[in-house]
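Peer 1: To be precise about what I am sending: the file is called run-v9.json and holds JSON, C-alpha atoms.
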```
[["chain", "number", "residue", "atom", "x", "y", "z"],
["D", 1, "MET", "CA", 3.51, 18.37, 18.10],
["D", 2, "ALA", "CA", 2.33, 18.81, 14.55],
["D", 3, "GLN", "CA", 4.39, 21.95, 13.98],
["D", 4, "SER", "CA", 7.68, 20.27, 14.83],
["D", 5, "LEU", "CA", 7.33, 17.73, 12.01],
["D", 6, "ASN", "CA", 8.93, 18.10, 8.60],
["D", 7, "PRO", "CA", 6.20, 18.41, 6.00],
["D", 8, "THR", "CA", 7.58, 15.75, 3.68],
["D", 9, "ARG", "CA", 6.13, 12.67, 2.08],
["D", 10, "MET", "CA", 8.39, 10.42, 4.15],
["D", 11, "VAL", "CA", 7.09, 11.81, 7.43],
["D", 12, "LEU", "CA", 3.52, 11.67, 6.16],
["D", 13, "TYR", "CA", 3.96, 8.02, 5.29],
["D", 14, "SER", "CA", 5.42, 7.13, 8.70],
["D", 15, "GLN", "CA", 2.68, 9.09, 10.48],
["D", 16, "LYS", "CA", 0.01, 7.21, 8.58],
["D", 17, "LYS", "CA", 1.61, 3.92, 9.53],
["D", 18, "ARG", "CA", 1.78, 4.98, 13.16],
["D", 19, "LEU", "CA", -1.88, 5.96, 13.09],
["D", 20, "ALA", "CA", -2.87, 2.56, 11.73],
["D", 21, "THR", "CA", -0.87, 0.82, 14.46],
["D", 22, "ALA", "CA", -2.35, 3.04, 17.15],
["D", 23, "LYS", "CA", -5.86, 2.28, 15.96],
["D", 24, "ARG", "CA", -5.21, -1.44, 16.01],
["D", 25, "GLY", "CA", -3.63, -1.21, 19.46],
["D", 26, "HIS", "CA", -6.56, 0.79, 20.69],
["D", 27, "LYS", "CA", -8.99, -1.84, 19.52],
["D", 28, "LEU", "CA", -6.98, -4.62, 21.16],
["D", 29, "LEU", "CA", -6.68, -2.77, 24.46],
["D", 30, "LYS", "CA", -10.37, -1.94, 24.42],
["D", 31, "ASP", "CA", -11.17, -5.63, 23.95],
["D", 32, "LYS", "CA", -8.82, -6.51, 26.78],
["D", 33, "GLN", "CA", -10.50, -4.00, 29.04],
["D", 34, "ASP", "CA", -13.97, -5.34, 28.25],
["D", 35, "GLU", "CA", -12.93, -8.89, 28.94],
["D", 36, "LEU", "CA", -11.18, -7.89, 32.19],
["D", 37, "VAL", "CA", -14.29, -6.08, 33.39],
["D", 38, "ARG", "CA", -16.44, -9.10, 32.54],
["D", 39, "ARG", "CA", -14.17, -11.40, 34.57],
["D", 40, "PHE", "CA", -13.91, -8.87, 37.36],
["D", 41, "MET", "CA", -17.67, -8.55, 37.71],
["D", 42, "ALA", "CA", -18.04, -12.30, 38.11],
["D", 43, "ILE", "CA", -15.37, -12.46, 40.80],
["D", 44, "ILE", "CA", -16.33, -9.33, 42.70],
["D", 45, "LYS", "CA", -19.90, -10.52, 43.15],
["D", 46, "LYS", "CA", -18.67, -13.78, 44.64],
["D", 47, "ASN", "CA", -16.17, -11.89, 46.74],
["D", 48, "ARG", "CA", -18.81, -9.58, 48.18],
["D", 49, "ALA", "CA", -21.19, -12.39, 49.06],
["D", 50, "LEU", "CA", -18.41, -14.40, 50.67],
["D", 51, "ARG", "CA", -17.13, -11.44, 52.66],
["D", 52, "ILE", "CA", -20.57, -10.70, 54.06],
["D", 53, "GLU", "CA", -20.98, -14.35, 55.00],
["D", 54, "VAL", "CA", -17.56, -14.64, 56.63],
["D", 55, "GLU", "CA", -17.97, -11.42, 58.57],
["D", 56, "ALA", "CA", -21.36, -12.50, 59.90],
["D", 57, "SER", "CA", -19.99, -15.89, 60.96],
["D", 58, "LEU", "CA", -16.93, -14.31, 62.54],
["D", 59, "ALA", "CA", -19.13, -11.96, 64.54],
["D", 60, "LYS", "CA", -21.06, -14.93, 65.90],
["D", 61, "ILE", "CA", -17.87, -16.82, 66.72],
["D", 62, "MET", "CA", -16.41, -13.80, 68.45],
["D", 63, "ALA", "CA", -19.57, -13.40, 70.51],
["D", 64, "HIS", "CA", -19.16, -17.00, 71.70],
["D", 65, "PHE", "CA", -15.52, -16.36, 72.42],
["D", 66, "VAL", "CA", -16.23, -13.22, 74.41],
["D", 67, "ASN", "CA", -18.75, -15.16, 76.47],
["D", 68, "ALA", "CA", -16.16, -17.84, 77.10],
["D", 69, "LYS", "CA", -13.58, -15.24, 78.03],
["D", 70, "LEU", "CA", -15.86, -13.81, 80.69],
["D", 71, "LYS", "CA", -16.02, -17.19, 82.39],
["D", 72, "MET", "CA", -12.31, -17.84, 82.36],
["D", 73, "SER", "CA", -9.11, -16.28, 83.54],
["D", 74, "TYR", "CA", -6.79, -14.71, 80.96],
["D", 75, "GLU", "CA", -4.07, -17.27, 81.75],
["D", 76, "GLY", "CA", -6.60, -20.07, 81.39],
["D", 77, "ILE", "CA", -7.58, -18.89, 77.93],
["D", 78, "ILE", "CA", -3.99, -18.61, 76.79],
["D", 79, "GLU", "CA", -3.25, -22.05, 78.13],
["D", 80, "ALA", "CA", -6.27, -23.60, 76.43],
["D", 81, "LEU", "CA", -5.63, -22.03, 73.05],
["D", 82, "MET", "CA", -1.86, -22.31, 73.00],
["D", 83, "VAL", "CA", -1.78, -25.69, 71.26],
["D", 84, "PRO", "CA", -3.29, -25.65, 67.79],
["D", 85, "THR", "CA", -5.82, -28.38, 67.06],
["D", 86, "ARG", "CA", -4.37, -28.86, 63.65],
["D", 87, "GLU", "CA", -1.94, -27.41, 61.25],
["D", 88, "VAL", "CA", -3.09, -25.38, 58.31],
["D", 89, "THR", "CA", -1.56, -26.55, 55.08],
["D", 90, "LEU", "CA", -2.25, -24.67, 51.91],
["D", 91, "ALA", "CA", -1.99, -25.70, 48.32],
["D", 92, "VAL", "CA", -0.93, -22.67, 46.33],
["D", 93, "ASP", "CA", -1.43, -22.43, 42.64],
["D", 94, "TYR", "CA", -1.48, -19.61, 40.13],
["D", 95, "LYS", "CA", -4.25, -18.91, 37.74],
["D", 96, "THR", "CA", -3.65, -16.63, 34.82],
["D", 97, "ILE", "CA", -6.50, -14.29, 34.00],
["D", 98, "MET", "CA", -5.67, -12.19, 30.94],
["D", 99, "ASN", "CA", -1.97, -12.46, 31.66],
["D", 100, "ILE", "CA", -2.30, -11.51, 35.31],
["D", 101, "LYS", "CA", -1.00, -14.04, 37.76],
["D", 102, "THR", "CA", -3.64, -14.41, 40.42],
["D", 103, "PRO", "CA", -3.24, -16.69, 43.39],
["D", 104, "GLU", "CA", -5.42, -19.70, 43.82],
["D", 105, "ILE", "CA", -5.13, -20.96, 47.34],
["D", 106, "SER", "CA", -6.91, -24.07, 48.37],
["D", 107, "TYR", "CA", -7.10, -25.42, 51.82],
["D", 108, "GLN", "CA", -6.47, -29.07, 52.42],
["D", 109, "ASP", "CA", -9.14, -30.05, 54.83],
["D", 110, "ASP", "CA", -8.66, -33.27, 56.71],
["D", 111, "GLY", "CA", -12.07, -32.93, 58.27],
["D", 112, "ILE", "CA", -10.86, -33.73, 61.75],
["D", 113, "ILE", "CA", -11.68, -31.21, 64.42],
["D", 114, "ASP", "CA", -9.94, -31.95, 67.67],
["D", 115, "LEU", "CA", -10.01, -29.94, 70.81],
["D", 116, "THR", "CA", -6.67, -29.98, 72.52],
["D", 117, "TYR", "CA", -7.60, -28.66, 75.91],
["D", 118, "GLY", "CA", -9.19, -30.17, 78.94],
["D", 119, "PHE", "CA", -12.91, -29.76, 79.19],
["D", 120, "ALA", "CA", -12.85, -29.46, 82.96],
["D", 121, "PHE", "CA", -11.88, -25.82, 83.18],
["D", 122, "THR", "CA", -13.24, -24.45, 79.93],
["D", 123, "PRO", "CA", -16.81, -23.32, 79.23],
["D", 124, "SER", "CA", -18.74, -24.86, 76.35],
["D", 125, "GLU", "CA", -18.80, -21.53, 74.49],
["D", 126, "LEU", "CA", -15.10, -21.92, 73.85],
["D", 127, "ASP", "CA", -15.68, -25.29, 72.20],
["D", 128, "THR", "CA", -18.38, -23.81, 69.99],
["D", 129, "ALA", "CA", -16.14, -20.93, 69.00],
["D", 130, "VAL", "CA", -13.16, -23.15, 68.13],
["D", 131, "ILE", "CA", -15.26, -25.69, 66.20],
["D", 132, "ASP", "CA", -17.14, -22.99, 64.27],
["D", 133, "LEU", "CA", -13.92, -21.21, 63.41],
["D", 134, "SER", "CA", -12.44, -24.47, 62.15],
["D", 135, "ARG", "CA", -15.43, -24.92, 59.92],
["D", 136, "LEU", "CA", -15.15, -21.35, 58.68],
["D", 137, "LEU", "CA", -11.47, -21.71, 57.83],
["D", 138, "PRO", "CA", -11.87, -22.96, 54.22],
["D", 139, "LYS", "CA", -14.16, -20.02, 53.49],
["D", 140, "MET", "CA", -11.69, -17.56, 54.99],
["D", 141, "ILE", "CA", -8.93, -18.96, 52.81],
["D", 142, "GLU", "CA", -11.14, -18.76, 49.73],
["D", 143, "LEU", "CA", -11.98, -15.18, 50.66],
["D", 144, "ALA", "CA", -8.29, -14.33, 50.81],
["D", 145, "SER", "CA", -7.57, -15.66, 47.34],
["D", 146, "LEU", "CA", -10.70, -14.05, 45.89],
["D", 147, "GLU", "CA", -9.91, -10.66, 47.40],
["D", 148, "LYS", "CA", -6.36, -10.73, 46.13],
["D", 149, "SER", "CA", -7.59, -11.61, 42.63],
["D", 150, "CYS", "CA", -10.08, -8.74, 42.77],
["D", 151, "ASP", "CA", -7.37, -6.33, 43.92],
["D", 152, "MET", "CA", -5.07, -7.32, 41.10],
["D", 153, "LEU", "CA", -7.80, -7.26, 38.47],
["D", 154, "ALA", "CA", -9.03, -3.87, 39.62],
["D", 155, "SER", "CA", -5.61, -2.28, 39.36],
["D", 156, "GLU", "CA", -5.02, -3.91, 35.96],
["D", 157, "ILE", "CA", -8.37, -2.63, 34.68],
["D", 158, "GLU", "CA", -7.48, 0.86, 35.86],
["D", 159, "LYS", "CA", -4.13, 0.69, 34.07],
["D", 160, "THR", "CA", -5.73, -0.59, 30.86],
["D", 161, "ARG", "CA", -8.41, 2.09, 30.97],
["D", 162, "ARG", "CA", -5.77, 4.79, 31.24],
["D", 163, "ARG", "CA", -3.91, 3.37, 28.27],
["D", 164, "VAL", "CA", -7.09, 3.11, 26.19],
["D", 165, "ASN", "CA", -8.00, 6.70, 27.02],
["D", 166, "ALA", "CA", -4.50, 7.97, 26.30],
["D", 167, "ILE", "CA", -4.53, 6.38, 22.86],
["D", 168, "GLU", "CA", -8.10, 7.37, 22.08],
["D", 169, "TYR", "CA", -8.04, 10.97, 23.24],
["D", 170, "ILE", "CA", -4.38, 12.03, 22.93],
["D", 171, "MET", "CA", -2.38, 9.91, 20.53],
["D", 172, "ILE", "CA", -4.90, 9.36, 17.74],
["D", 173, "PRO", "CA", -6.16, 12.99, 17.51],
["D", 174, "ASP", "CA", -2.55, 14.18, 17.68],
["D", 175, "MET", "CA", -1.51, 12.00, 14.77],
["D", 176, "GLU", "CA", -4.58, 12.90, 12.76],
["D", 177, "GLU", "CA", -3.75, 16.54, 13.30],
["D", 178, "SER", "CA", -0.17, 16.11, 12.14],
["D", 179, "ILE", "CA", -1.28, 14.14, 9.08],
["D", 180, "HIS", "CA", -3.71, 16.91, 8.25],
["D", 181, "TYR", "CA", -0.96, 19.51, 8.75],
["D", 182, "ILE", "CA", 1.48, 17.69, 6.48],
["D", 183, "THR", "CA", -1.15, 17.12, 3.78],
["D", 184, "MET", "CA", -2.10, 20.79, 3.84],
["D", 185, "LYS", "CA", 1.53, 21.87, 3.70],
["D", 186, "LEU", "CA", 2.25, 19.54, 0.76],
["D", 187, "GLU", "CA", -0.81, 20.76, -1.15],
["D", 188, "ASP", "CA", 0.20, 24.34, -0.47],
["D", 189, "ASN", "CA", 3.70, 23.63, -1.82],
["D", 190, "GLU", "CA", 2.16, 22.01, -4.88],
["D", 191, "ARG", "CA", -0.02, 25.05, -5.53],
["D", 192, "GLY", "CA", 3.00, 27.31, -5.06],
["D", 193, "ASN", "CA", 4.89, 25.22, -7.55],
["D", 194, "ILE", "CA", 2.11, 25.40, -10.16],
["D", 195, "THR", "CA", 1.83, 29.16, -9.77],
["D", 196, "ARG", "CA", 5.57, 29.47, -10.19],
["D", 197, "LEU", "CA", 5.48, 27.32, -13.34],
["D", 198, "MET", "CA", 2.63, 29.34, -14.80],
["D", 199, "LYS", "CA", 4.44, 32.56, -14.02],
["D", 200, "SER", "CA", 7.74, 31.36, -15.58],
["D", 201, "LYS", "CA", 5.85, 30.12, -18.65],
["D", 202, "GLU", "CA", 4.32, 33.57, -19.06],
["D", 203, "ILE", "CA", 7.71, 35.26, -18.76],
["D", 204, "ILE", "CA", 9.35, 32.88, -21.23],
["D", 205, "LEU", "CA", 6.42, 33.24, -23.65],
["D", 206, "ALA", "CA", 6.61, 37.04, -23.44],
["D", 207, "LYS", "CA", 10.35, 36.93, -24.12],
["D", 208, "THR", "CA", 9.92, 34.66, -27.16],
["D", 209, "VAL", "CA", 7.13, 36.82, -28.56],
["D", 210, "ASN", "CA", 9.38, 39.88, -28.12],
["D", 211, "ARG", "CA", 12.23, 38.18, -29.96],
["D", 212, "ILE", "CA", 10.02, 37.19, -32.88],
["D", 213, "GLU", "CA", 8.67, 40.74, -33.17],
["D", 214, "TYR", "CA", 12.16, 42.16, -33.59],
["Q", 1, "MET", "CA", 14.10, -25.79, 62.09],
["Q", 2, "GLU", "CA", 11.03, -23.77, 62.73],
["Q", 3, "LYS", "CA", 7.95, -24.67, 60.81],
["Q", 4, "ILE", "CA", 7.02, -22.31, 58.00],
["Q", 5, "ILE", "CA", 4.06, -20.16, 58.90],
["Q", 6, "GLU", "CA", 1.63, -20.16, 56.02],
["Q", 7, "VAL", "CA", -1.29, -18.34, 57.57],
["Q", 8, "ALA", "CA", -1.02, -15.70, 60.28],
["Q", 9, "VAL", "CA", -3.29, -13.26, 62.01],
["Q", 10, "ILE", "CA", -2.27, -9.89, 63.40],
["Q", 11, "GLY", "CA", -4.40, -8.07, 65.91],
["Q", 12, "ALA", "CA", -4.36, -5.83, 68.92],
["Q", 13, "ASP", "CA", -6.38, -7.74, 71.49],
["Q", 14, "GLU", "CA", -6.69, -11.24, 72.83],
["Q", 15, "THR", "CA", -9.56, -12.23, 70.53],
["Q", 16, "ILE", "CA", -6.95, -13.28, 67.98],
["Q", 17, "LEU", "CA", -5.88, -16.02, 70.37],
["Q", 18, "LEU", "CA", -8.82, -18.01, 69.12],
["Q", 19, "TYR", "CA", -7.19, -18.28, 65.68],
["Q", 20, "ASN", "CA", -4.19, -19.88, 67.35],
["Q", 21, "ALA", "CA", -6.35, -22.82, 68.31],
["Q", 22, "VAL", "CA", -7.23, -23.65, 64.72],
["Q", 23, "GLY", "CA", -3.70, -23.50, 63.40],
["Q", 24, "ILE", "CA", -3.40, -19.87, 62.34],
["Q", 25, "ARG", "CA", -0.45, -18.28, 64.08],
["Q", 26, "ALA", "CA", -1.57, -15.23, 66.04],
["Q", 27, "PHE", "CA", 0.67, -12.20, 66.52],
["Q", 28, "SER", "CA", -0.35, -9.60, 69.02],
["Q", 29, "VAL", "CA", 0.84, -6.09, 68.22],
["Q", 30, "GLN", "CA", 0.29, -2.79, 69.99],
["Q", 31, "ASP", "CA", 0.93, -0.13, 67.38],
["Q", 32, "ALA", "CA", 1.49, 0.47, 63.68],
["Q", 33, "SER", "CA", 5.28, 0.15, 63.68],
["Q", 34, "GLU", "CA", 5.12, -3.18, 65.45],
["Q", 35, "ALA", "CA", 2.52, -4.43, 62.96],
["Q", 36, "ASP", "CA", 4.77, -3.21, 60.15],
["Q", 37, "LYS", "CA", 7.72, -5.18, 61.44],
["Q", 38, "THR", "CA", 5.64, -8.31, 61.93],
["Q", 39, "ILE", "CA", 4.26, -8.17, 58.41],
["Q", 40, "PHE", "CA", 7.73, -7.60, 57.00],
["Q", 41, "LYS", "CA", 9.09, -10.57, 58.90],
["Q", 42, "LEU", "CA", 6.20, -12.79, 57.83],
["Q", 43, "ALA", "CA", 6.52, -11.72, 54.21],
["Q", 44, "ASN", "CA", 10.20, -12.66, 54.26],
["Q", 45, "GLN", "CA", 9.29, -16.07, 55.62],
["Q", 46, "LYS", "CA", 7.04, -16.60, 52.62],
["Q", 47, "CYS", "CA", 3.86, -16.42, 54.62],
["Q", 48, "LYS", "CA", 0.90, -16.76, 52.25],
["Q", 49, "ILE", "CA", -2.06, -15.15, 53.98],
["Q", 50, "ILE", "CA", -2.03, -12.57, 56.75],
["Q", 51, "TYR", "CA", -5.34, -11.67, 58.30],
["Q", 52, "ILE", "CA", -5.26, -8.29, 59.97],
["Q", 53, "THR", "CA", -7.91, -7.04, 62.34],
["Q", 54, "GLU", "CA", -9.61, -3.89, 61.20],
["Q", 55, "SER", "CA", -8.28, -1.69, 64.00],
["Q", 56, "ILE", "CA", -4.70, -2.46, 62.92],
["Q", 57, "TYR", "CA", -5.52, -2.52, 59.20],
["Q", 58, "GLU", "CA", -6.53, 1.12, 59.38],
["Q", 59, "LEU", "CA", -3.20, 2.15, 60.89],
["Q", 60, "ILE", "CA", -0.92, 0.76, 58.19],
["Q", 61, "PRO", "CA", -2.11, 1.95, 54.78],
["Q", 62, "GLU", "CA", 1.47, 2.28, 53.45],
["Q", 63, "THR", "CA", 2.35, -1.32, 54.23],
["Q", 64, "ILE", "CA", -0.86, -2.55, 52.60],
["Q", 65, "GLU", "CA", 0.00, -0.56, 49.51],
["Q", 66, "LYS", "CA", 3.49, -1.98, 49.43],
["Q", 67, "TYR", "CA", 2.24, -5.54, 49.14],
["Q", 68, "GLN", "CA", -0.64, -4.68, 46.83],
["Q", 69, "PHE", "CA", 1.14, -5.65, 43.65],
["Q", 70, "SER", "CA", 2.86, -8.80, 44.80],
["Q", 71, "THR", "CA", 0.89, -12.01, 44.79],
["Q", 72, "PHE", "CA", 1.98, -13.01, 48.28],
["Q", 73, "PRO", "CA", 1.45, -12.28, 51.11],
["Q", 74, "VAL", "CA", -2.24, -11.63, 50.83],
["Q", 75, "LEU", "CA", -3.30, -9.07, 53.42],
["Q", 76, "ILE", "CA", -6.95, -9.41, 54.36],
["Q", 77, "PRO", "CA", -8.87, -7.30, 56.87],
["Q", 78, "ILE", "CA", -11.11, -9.14, 59.30],
["Q", 79, "PRO", "CA", -13.49, -7.70, 61.91],
["Q", 80, "SER", "CA", -11.74, -7.43, 65.25],
["Q", 81, "GLY", "CA", -14.57, -7.80, 67.71],
["Q", 82, "THR", "CA", -18.17, -8.79, 67.46],
["Q", 83, "LYS", "CA", -18.89, -5.74, 65.34],
["Q", 84, "SER", "CA", -17.58, -5.28, 61.84],
["Q", 85, "ARG", "CA", -16.51, -1.83, 60.75],
["Q", 86, "ALA", "CA", -17.04, -2.83, 57.14],
["Q", 87, "ILE", "CA", -13.51, -2.05, 56.01],
["Q", 88, "GLY", "CA", -13.48, -5.12, 53.81],
["Q", 89, "LEU", "CA", -16.73, -4.11, 52.14],
["Q", 90, "LYS", "CA", -15.39, -0.59, 51.66],
["Q", 91, "LYS", "CA", -12.36, -2.11, 49.97],
["Q", 92, "ILE", "CA", -14.59, -4.06, 47.60],
["Q", 93, "LYS", "CA", -16.54, -0.90, 46.85],
["Q", 94, "LYS", "CA", -13.34, 1.00, 46.11],
["Q", 95, "ASN", "CA", -12.15, -1.76, 43.80],
["Q", 96, "VAL", "CA", -15.41, -1.64, 41.87],
["Q", 97, "GLU", "CA", -15.22, 2.12, 41.59],
["Q", 98, "ASN", "CA", -11.63, 1.96, 40.35],
["Q", 99, "ALA", "CA", -12.40, -0.72, 37.85],
["Q", 100, "ILE", "CA", -15.62, 0.34, 36.23],
["Q", 101, "GLY", "CA", -15.95, 3.95, 37.28],
["Q", 102, "ILE", "CA", -19.20, 3.70, 39.18],
["Q", 103, "ASP", "CA", -20.32, 2.00, 42.35],
["Q", 104, "ILE", "CA", -22.92, -0.62, 41.55],
["Q", 105, "PHE", "CA", -23.34, -2.22, 44.95]]
```
How would this structure read if it were set down as structure tokens?
Peer 2:
Amino acid sequence: MAQSLNPTRMVLYSQKKRLATAKRGHKLLKDKQDELVRRFMAIIKKNRALRIEVEASLAKIMAHFVNAKLKMSYEGIIEALMVPTREVTLAVDYKTIMNIKTPEISYQDDGIIDLTYGFAFTPSELDTAVIDLSRLLPKMIELASLEKSCDMLASEIEKTRRRVNAIEYIMIPDMEESIHYITMKLEDNERGNITRLMKSKEIILAKTVNRIEY
Amino acid sequence: MEKIIEVAVIGADETILLYNAVGIRAFSVQDASEADKTIFKLANQKCKIIYITESIYELIPETIEKYQFSTFPVLIPIPSGTKSRAIGLKKIKKNVENAIGIDIF
């Protein structure tokens, strides 16, 4: 890149300005990255704990459900579970973390757990499974919003890191190199100029001395 | 007018029926293309959260990627049976590795 630049004072000046901007941008991006990572670490820890908890609870619920399924016919199960006990309503909001719009979903819990099937033909395991799942629902919703936030933060951090690295290891060294090249070229020109002046002075002096001697 | 589905679950077997009972609409699918179509339809209906059982989640990486950068719908893997295949945890691990370069968990 450096060789394609004109070695003039104008270009040198603009390159120096660009370098200053790049350095400031680099510092800003680096700060952004640090802050993003800090936020990310807080969320990802919560996310991991919640996921482990939800998966463990779901496994238990599914075990109950499988037990219930063994005691019932397939049609019976479908019939029992066809009518939802309640409707899930979500309150969706956005939270901005470092200019990234992350979802914040909260579940409006009315606290009522109804069973909408007859107890005569269903085993008690089914009740347990449905009630436990109802209780787990707020956590599952929280998990969803946490995981999405983590996803978005992670990809943003990756993007920022790439930008920081590109500026730090490509742009800044490149500009420094071109500034160095232009400075060297200008100094070389200056030296050439001085030599030329000295040489012309010598020639003129010699001519004058010759004229006086005649 | 049909009620807007806000939370849905997609899975391959009848265990997802249980979610139906608590108000999460369950969609049973057999293969990847069917799951694809269902997710597309749900996304167009402004569905907020779609839980996908792990066995299906593994089959549709392209679809997951497609919705990765939009806020909604949120696609979340859940264990399909009594055993978890730890896809969700692997996802968390991958996120950490992408973000900070090393795996700390």
Peer 1: Within 12 Å of (6.3, -15.7, 58.0), only C-alpha atoms: residues as JSON, numbers by chain?
Peer 2: {"Q": [2, 3, 4, 5, 6, 7, 8, 9, 10, 24, 25, 26, 27, 37, 38, 39, 40, 41, 42, 43, 44, 45, 46, 47, 48, 49, 50, 72, 73, 74]}
Peer 1: With a distance cut-off of 9 Å and all atoms listed in the file, select the neighbouring residues of Asp114 of chain D, excluding the residue or stretch itself and same-chain residues fewer than 4 positions from it, and output the selection as a PDB file with C-alpha atoms, in the frame of the given file.
Peer 2:
```pdb
ATOM      1  CA  THR D  85      -5.820 -28.380  67.060  1.00  0.00           C
ATOM      2  CA  ARG D  86      -4.370 -28.860  63.650  1.00  0.00           C
ATOM      3  CA  ILE D 131     -15.260 -25.690  66.200  1.00  0.00           C
TER       4      ILE D 131
END
```
Peer 1: Using all atoms listed in the file, I'd like every residue of chain D that has an atom within 6 Å of chain Q; please write them out as a list in words.
Peer 2: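 Taking all atoms listed in the file into account, Ala59, Met62, Ala63, Leu81, Pro84, Thr85, Arg86, Glu87, Val88, Ser134, Ala154, Ile157 and Glu158 of chain D sit within 6 Å of chain Q.
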Peer 1: Record the distance separating atom CA of Ser14 of chain D and atom CA of Glu168 of chain D, expressed in Å with one decimal.
Peer 2: 19.0 Å
Peer 1: Neighbourhood query: residues within 10 Å of (-2.9, -32.5, 53.8), file coordinates, counting only C-alpha atoms; return as a list in words.
Peer 2: Glu87, Val88, Thr89, Leu90, Ala91, Tyr107, Gln108, Asp109 and Asp110 of chain D
Peer 1: Hey, could you pull the box centre and edge lengths for segment 27-34 of chain Q, axis-aligned, 3 Å padding per side, all listed atoms, to one decimal in Å, as JSON?
Peer 2:
```
{"center_x": 2.5, "center_y": -5.9, "center_z": 66.8, "size_x": 11.6, "size_y": 18.7, "size_z": 12.3}
```
Peer 1: Show me, as a VMD selection string, the residues that have an atom within 7 Å of segment 118-124 of chain D when counting only C-alpha atoms, minus same-chain residues fewer than 3 positions from it.
Peer 2: chain D and resid 68 71 127 to 128
Peer 1: Those selected residues, please, written with C-alpha atoms and delivered as an mmCIF file, keeping the file's coordinate frame.
Peer 2:
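And here is the file that came out, selection-v9.cif:
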```cif
data_model
loop_
_atom_site.group_PDB
_atom_site.id
_atom_site.type_symbol
_atom_site.label_atom_id
_atom_site.label_comp_id
_atom_site.auth_asym_id
_atom_site.auth_seq_id
_atom_site.Cartn_x
_atom_site.Cartn_y
_atom_site.Cartn_z
ATOM 1 C CA ALA D 68 -16.160 -17.840 77.100
ATOM 2 C CA LYS D 71 -16.020 -17.190 82.390
ATOM 3 C CA ASP D 127 -15.680 -25.290 72.200
ATOM 4 C CA THR D 128 -18.380 -23.810 69.990
#
```
Peer 1: Figure out the distance between atom CA of Gly192 of chain D and atom CA of Leu205 of chain D, please, to one decimal in Å.
Peer 2: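 If I compute the distance from atom CA of Leu205 of chain D to atom CA of Gly192 of chain D, I get 19.8 Å.
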Peer 1: With only C-alpha atoms as the counted atoms, please give the residues lying no more than 8 Å from Cys150 of chain D, apart from itself and same-chain residues fewer than 4 positions off, as a VMD selection string.
Peer 2: (chain D and resid 40 43 to 44 47 146 154) or (chain Q and resid 95)
Peer 1: Just to be explicit: take each residue in the selection above, keep C-alpha atoms, and write the result as a CSV table (one decimal), keeping the file's coordinate frame.
Peer 2:
```
chain,number,residue,atom,x,y,z
D,40,PHE,CA,-13.9,-8.9,37.4
D,43,ILE,CA,-15.4,-12.5,40.8
D,44,ILE,CA,-16.3,-9.3,42.7
D,47,ASN,CA,-16.2,-11.9,46.7
D,146,LEU,CA,-10.7,-14.0,45.9
D,154,ALA,CA,-9.0,-3.9,39.6
Q,95,ASN,CA,-12.2,-1.8,43.8
```
Peer 1: By how many Å are atom CA of Lys45 of chain D and atom CA of Lys32 of chain D apart?
Peer 2: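 So the answer is 20.2 Å.
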Peer 1: Can you tell me, as a ChimeraX atom specification, what residues are no more than 7 Å from Ser28 of chain Q when counting only C-alpha atoms, ignoring any on the same chain fewer than 3 positions away?
Peer 2: /Q:10-13
Peer 1: Write out as JSON, numbers by chain each polymer residue whose atoms come within 12 Å of Pro61 of chain Q, counting all atoms listed in the file; drop sequence neighbours fewer than 5 positions from it.
Peer 2: {"Q": [32, 33, 35, 36, 52, 54, 55, 56, 66, 67, 68, 75, 77]}
